[in-house]
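**Q** Just dropping this structure here.
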Amino acid sequence: GSTSRQGASLYEGIGPFNEVQGCVPDADTQALLISRSGTIGGNGVAWLDYLNAGGVIITEYSNAASVYNEIYGTAYSNGTNFGDCWDNAMPSLKLNTDHPFWVDNAGLTETVVNNEGCGFDISAIVNGEAEVTALGGLVGTEYISFAIRPQGAGVFWVLEADWQDSDADAEWNSGLFMSALISGGTYGT
């Protein structure tokens, strides 16, 4: 799908990458970032194959449940809508801070409360799938906005945040966070 953020406005410290719009990743694809306008239907098999071969998938605002369902044949619905829609992908609350992602990326700073991105609570996916671990959420709530599902040699970052928007008034602190995700989880320090 389309995105208003590319290159240095989306990630920092890695790349530059040849950014291509398309739904079918290949062996040269570092990461597949699926924005809210991306085509989801009919891609599940290719996406699962890509993950199993070591690929990285990152979802965006309003599509985590749909992408998860497409890949795994489940039927999760969007949870409660939350957040402030300031386009920050990094959550305001780290969860399971002993998880290797947070240990490897200890330098990542939570988004300031009231500057968070917005999305839909993914608690149902986290609670319904033993393979999924919650990693981030919204301060002062039980909403989960960020989780990980290892798959084969790859990783599926189940993320609900409006990272593809480019709000000039937002406090964008998510560049290193997105770099860590695009790199498969080991960059952000």
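Each chain in the structure tokens gets a letter, A, B, ..., in the order shown, and its residues are numbered from 1; ligands are numbered from 1 in order too.
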Could you produce a table of the residues of region 13-79 of chain A lying within 12 Å of region 125-149 of chain A, with the nearest pair of atoms per residue and their separation in Å rounded to one decimal, using only C-alpha atoms, ordered by chain and increasing residue number, as a tab-separated table?

**A**
```
residue	atom	partner	partner_atom	distance
A:Leu48	CA	A:Arg149	CA	11.8
A:Leu51	CA	A:Arg149	CA	10.1
A:Asn52	CA	A:Arg149	CA	11.6
A:Val56	CA	A:Arg149	CA	10.4
A:Ile57	CA	A:Arg149	CA	9.9
A:Ile58	CA	A:Ile148	CA	9.7
A:Thr59	CA	A:Phe146	CA	9.6
A:Glu60	CA	A:Ser145	CA	9.9
A:Tyr61	CA	A:Ser145	CA	9.6
A:Ser62	CA	A:Ser145	CA	10.6
A:Asn63	CA	A:Ser145	CA	11.6
A:Ala64	CA	A:Ile125	CA	9.2
A:Ala65	CA	A:Ile125	CA	7.5
A:Ser66	CA	A:Ile125	CA	11.0
A:Val67	CA	A:Ile125	CA	11.5
A:Tyr68	CA	A:Ile125	CA	8.4
A:Asn69	CA	A:Ile125	CA	9.7
A:Ile71	CA	A:Arg149	CA	11.7
A:Tyr72	CA	A:Glu129	CA	10.5
A:Thr74	CA	A:Ile125	CA	9.4
A:Ala75	CA	A:Ile125	CA	9.6
A:Tyr76	CA	A:Ile125	CA	6.8
A:Ser77	CA	A:Ile125	CA	9.0
A:Asn78	CA	A:Ile125	CA	9.6
A:Gly79	CA	A:Tyr143	CA	8.7
```

**Q** Identify, on the basis of only C-alpha atoms, every residue whose closest approach to Ile182 (chain A) does not exceed 12 Å; exclude the query and any residue fewer than 3 positions from it along the same chain; express the result as a count of residues only.

**A** 33

**Q** Considering only C-alpha atoms, state which residue in the set A:Ser174, A:Gln151, A:Asn81, A:Thr39 is at the smallest distance from Val112 (chain A).

**A**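 Of A:Ser174, A:Gln151, A:Asn81, A:Thr39, the one nearest Val112 (chain A) is A:Ser174, counting only C-alpha atoms.
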
**Q** Calculated over only C-alpha atoms, which of the candidates A:Ile40, A:Gly54, A:Leu93, A:Ala161 has the smallest distance to Ser183 (chain A)?

**A**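 For Ser183 (chain A), the nearest of the given residues is A:Gly54.
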
**Q** Tell me, in Å to one decimal, how far CA of Leu108 (chain A) is from CA of Ser166 (chain A).

**A**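 According to the coordinates, CA of Leu108 (chain A) and CA of Ser166 (chain A) are separated by 20.4 Å.
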
**Q** I need the residues of region 3-130 of chain A that end up classed as strand (DSSP E) by DSSP on the backbone, written out as a PDB file with N, CA, C and O atoms, in the first residue's frame.

**A**
```pdb
ATOM      1  N   LEU A  32       8.503  -6.378   4.372  1.00  0.00           N
ATOM      2  CA  LEU A  32       7.239  -6.036   3.728  1.00  0.00           C
ATOM      3  C   LEU A  32       6.432  -5.223   4.725  1.00  0.00           C
ATOM      4  O   LEU A  32       6.018  -5.739   5.765  1.00  0.00           O
ATOM      5  N   LEU A  33       6.264  -3.936   4.432  1.00  0.00           N
ATOM      6  CA  LEU A  33       5.496  -3.033   5.284  1.00  0.00           C
ATOM      7  C   LEU A  33       4.110  -2.902   4.659  1.00  0.00           C
ATOM      8  O   LEU A  33       3.987  -2.385   3.542  1.00  0.00           O
ATOM      9  N   ILE A  34       3.105  -3.380   5.353  1.00  0.00           N
ATOM     10  CA  ILE A  34       1.753  -3.397   4.800  1.00  0.00           C
ATOM     11  C   ILE A  34       0.961  -2.248   5.399  1.00  0.00           C
ATOM     12  O   ILE A  34       0.522  -2.306   6.552  1.00  0.00           O
ATOM     13  N   VAL A  56      10.397 -10.450   6.906  1.00  0.00           N
ATOM     14  CA  VAL A  56       9.906  -9.566   7.965  1.00  0.00           C
ATOM     15  C   VAL A  56       8.646  -8.879   7.457  1.00  0.00           C
ATOM     16  O   VAL A  56       8.662  -8.262   6.385  1.00  0.00           O
ATOM     17  N   ILE A  57       7.553  -8.992   8.203  1.00  0.00           N
ATOM     18  CA  ILE A  57       6.306  -8.308   7.863  1.00  0.00           C
ATOM     19  C   ILE A  57       5.937  -7.366   9.003  1.00  0.00           C
ATOM     20  O   ILE A  57       6.017  -7.743  10.174  1.00  0.00           O
ATOM     21  N   ILE A  58       5.530  -6.140   8.635  1.00  0.00           N
ATOM     22  CA  ILE A  58       5.122  -5.115   9.593  1.00  0.00           C
ATOM     23  C   ILE A  58       3.769  -4.572   9.158  1.00  0.00           C
ATOM     24  O   ILE A  58       3.626  -4.107   8.015  1.00  0.00           O
ATOM     25  N   THR A  59       2.788  -4.600  10.058  1.00  0.00           N
ATOM     26  CA  THR A  59       1.475  -4.060   9.729  1.00  0.00           C
ATOM     27  C   THR A  59       1.369  -2.604  10.176  1.00  0.00           C
ATOM     28  O   THR A  59       2.278  -2.063  10.791  1.00  0.00           O
ATOM     29  N   ASN A  81     -10.693   0.933  19.170  1.00  0.00           N
ATOM     30  CA  ASN A  81      -9.842   1.970  18.587  1.00  0.00           C
ATOM     31  C   ASN A  81      -9.214   2.788  19.715  1.00  0.00           C
ATOM     32  O   ASN A  81      -9.883   3.108  20.691  1.00  0.00           O
ATOM     33  N   PHE A  82      -7.927   3.115  19.605  1.00  0.00           N
ATOM     34  CA  PHE A  82      -7.234   3.833  20.670  1.00  0.00           C
ATOM     35  C   PHE A  82      -6.195   4.769  20.085  1.00  0.00           C
ATOM     36  O   PHE A  82      -5.854   4.678  18.914  1.00  0.00           O
ATOM     37  N   GLY A  83      -5.655   5.627  20.915  1.00  0.00           N
ATOM     38  CA  GLY A  83      -4.491   6.430  20.580  1.00  0.00           C
ATOM     39  C   GLY A  83      -4.821   7.845  20.164  1.00  0.00           C
ATOM     40  O   GLY A  83      -5.971   8.259  20.115  1.00  0.00           O
ATOM     41  N   LEU A  93       4.161   2.430  25.972  1.00  0.00           N
ATOM     42  CA  LEU A  93       4.359   1.483  27.062  1.00  0.00           C
ATOM     43  C   LEU A  93       5.039   0.232  26.529  1.00  0.00           C
ATOM     44  O   LEU A  93       4.540  -0.404  25.593  1.00  0.00           O
ATOM     45  N   LYS A  94       6.184  -0.122  27.115  1.00  0.00           N
ATOM     46  CA  LYS A  94       6.851  -1.375  26.780  1.00  0.00           C
ATOM     47  C   LYS A  94       6.254  -2.482  27.633  1.00  0.00           C
ATOM     48  O   LYS A  94       6.088  -2.319  28.837  1.00  0.00           O
ATOM     49  N   CYS A 118      -2.167   5.869  16.545  1.00  0.00           N
ATOM     50  CA  CYS A 118      -3.465   5.270  16.850  1.00  0.00           C
ATOM     51  C   CYS A 118      -3.604   3.950  16.110  1.00  0.00           C
ATOM     52  O   CYS A 118      -2.879   3.663  15.163  1.00  0.00           O
ATOM     53  N   GLY A 119      -4.544   3.155  16.583  1.00  0.00           N
ATOM     54  CA  GLY A 119      -4.781   1.853  15.991  1.00  0.00           C
ATOM     55  C   GLY A 119      -5.906   1.141  16.707  1.00  0.00           C
ATOM     56  O   GLY A 119      -6.724   1.769  17.379  1.00  0.00           O
ATOM     57  N   PHE A 120      -5.923  -0.167  16.560  1.00  0.00           N
ATOM     58  CA  PHE A 120      -6.935  -1.002  17.188  1.00  0.00           C
ATOM     59  C   PHE A 120      -6.260  -2.012  18.106  1.00  0.00           C
ATOM     60  O   PHE A 120      -5.234  -2.595  17.754  1.00  0.00           O
TER      61      PHE A 120
END
```

**Q** Here is a test: counting only C-alpha atoms, which residue of A:Val113, A:Cys23, A:Ala153, A:Ala53 is nearest to Ser92 (chain A)?

**A**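 Counting only C-alpha atoms, the residue closest to Ser92 (chain A) is A:Val113.
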
**Q** Just to confirm, what's the straight-line distance from CA of Ser35 (chain A) to CA of Gly73 (chain A) in Å (one decimal)?

**A**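 Computing it gives 19.9 Å between the two atoms.
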